Amino acid sequence: MVALEAAISAIGYIAQALVLGFFVTAGYLLPGSEPEPLRRTLAIRACRFLIIFLCASAGALLIQGAKLQRGELPSLEILWRYLTATQSGNVWLLRECYAVALALLAFTITRGAGRLHSIRWLALLSLPLIASRSLTSHAVAVKTQTSWAIAADAVHLIATALWAGGLVAVLTVVRASRGQASLNPIWLAQFINRFSRLAFISVALLFCAGLYLSWVHVGSLTTLVATDSGKVLMVKLGLFAAMLTLGAINFLSTKPAVRDMAHSKVINNSLVDKAIKRIAVESMLGLAIFATTGYLTVLPPGVHALHTEGQNFPPAQPPALQPAQGASVKIIAPVNNQSVNGDRVELSFELTKGKQGHHAHAYIDGELMGMFEGNRGTLNGIKPGQHVLELRVVADDHQTELDASDKVVFTVK
Ligand code: HEM
């Protein structure tokens, strides 16, 4: 199930990046003197990627429903409850409706003349679709500076889509122009120059946002090397380094060579072929990063995972509880034997931190499901049936659990 969820998540990332990349290339990067159909062709491709995005989102919904229904095909009732009773379900519904409206508008525009300003509007209208993915990301579950984490995630999503999605559009344009009698070296140099500027800004933005997200979700070198999501992030960073190297070669070698070709006003096909090869490799690396990220984002973030991974959970010998030193926790809600409708369980509790306590870990049937610093929280995706909720006071290293806990039994209907 995890592999399927990761694959569908990756297809979703790739499809939304190509939507933005193709609309932006058609609307803002083509220099203007190209054959008219080229712009419309790119916009029509972007529409097709929108359809792929819609299908991937439908697949993601089915997977979410199957997870709620213990691996079985979800019933319409379970899907409807997920869509209407959970925050991630609400966001899914909004994004899907927005994407359908955008697809209808895009098809209408591209069936017509596909005028420049309409395509520019489609590029701008694609931005909220991409950015809103951050409202269902791990950033939402970050306890402190949540809006910063969501904003960084949105910037990261848009910048990666512009760079990696834009690269595939550039490759499509250069390949389509290769061998055309009408191919003008000055036009090609202008086009490459425009994308290069966009790529430069996007890489700077995604790098800063990516580092911040790594700090929020991974937080330390120990977590980077000791957790599954840390290890996947390292693979991603390796691919990123390779992609950046290709990007630097294109920036420092391909672009100047195309500029010189423009000055000579003579098309050099072997140079164009070399440019196509280099851009193709850089694009493939971008798609590989999206695929890796599809897996990264279905894993629990490193900071949450450090306790569980690498240990058989519940561990053979539970870690020695440290003395409470004045710490205590009392569960107010749910009360013992309470029934809860829907997979969202609202928690409220009294936490006394004492000398060493920092926050509370929430375990459902022994599985770590959340961490709360205040005296309220929400647990999502709790499956139907009877459960044991245990809150334990933990020190700020997320590891040291104190001899201060409380338990209740509740039922999800
Ligand atoms: C310095 C380079 C980068 C770093 C440090 C970085 C780090 C991260 C981190 C920590 C996350 C959050 C993972 C989570 O939610 O658990 C993330 C998400 C993501 N990254 Fe990167 N990344 C980098 C480059 C890239 C590149 C080059 C791409 C694409 C070509 C990319 C695509 C994505 C996507 C699509 C997400 C998912 C965001 C979401 O689901 O809301 N990243 N990245």
# chains A, B, ... in the order shown; residues from 1 in each chain; ligands from 1

call {"tool": "residues_near_ligand", "arguments": {"ligand": "ligand 1", "cutoff": "8 Å", "atoms": "only C-alpha atoms and all ligand atoms", "output": "count of residues only"}}
result
55

call {"tool": "select_by_dssp", "arguments": {"residues": "segment 147-227 of chain A", "states": "alpha helix (DSSP H)", "output": "number ranges by chain"}}
result
A: 147-160, 166-177, 185-217, 221-226

call {"tool": "residues_around", "arguments": {"residues": "segment 29-41 of chain A", "least_positions_apart": "4", "cutoff": "10 Å", "atoms": "only C-alpha atoms", "output": "ChimeraX atom specification"}}
result
/A:22-25,45-47,109-116,119,166,170,172-173,176-177,182-184,186-196,198

call {"tool": "closest_residue", "arguments": {"among": "A:Asp228, A:Asp343, A:Glu367, A:Glu373", "to": "Val412 of chain A", "atoms": "only C-alpha atoms"}}
result
A:Asp343
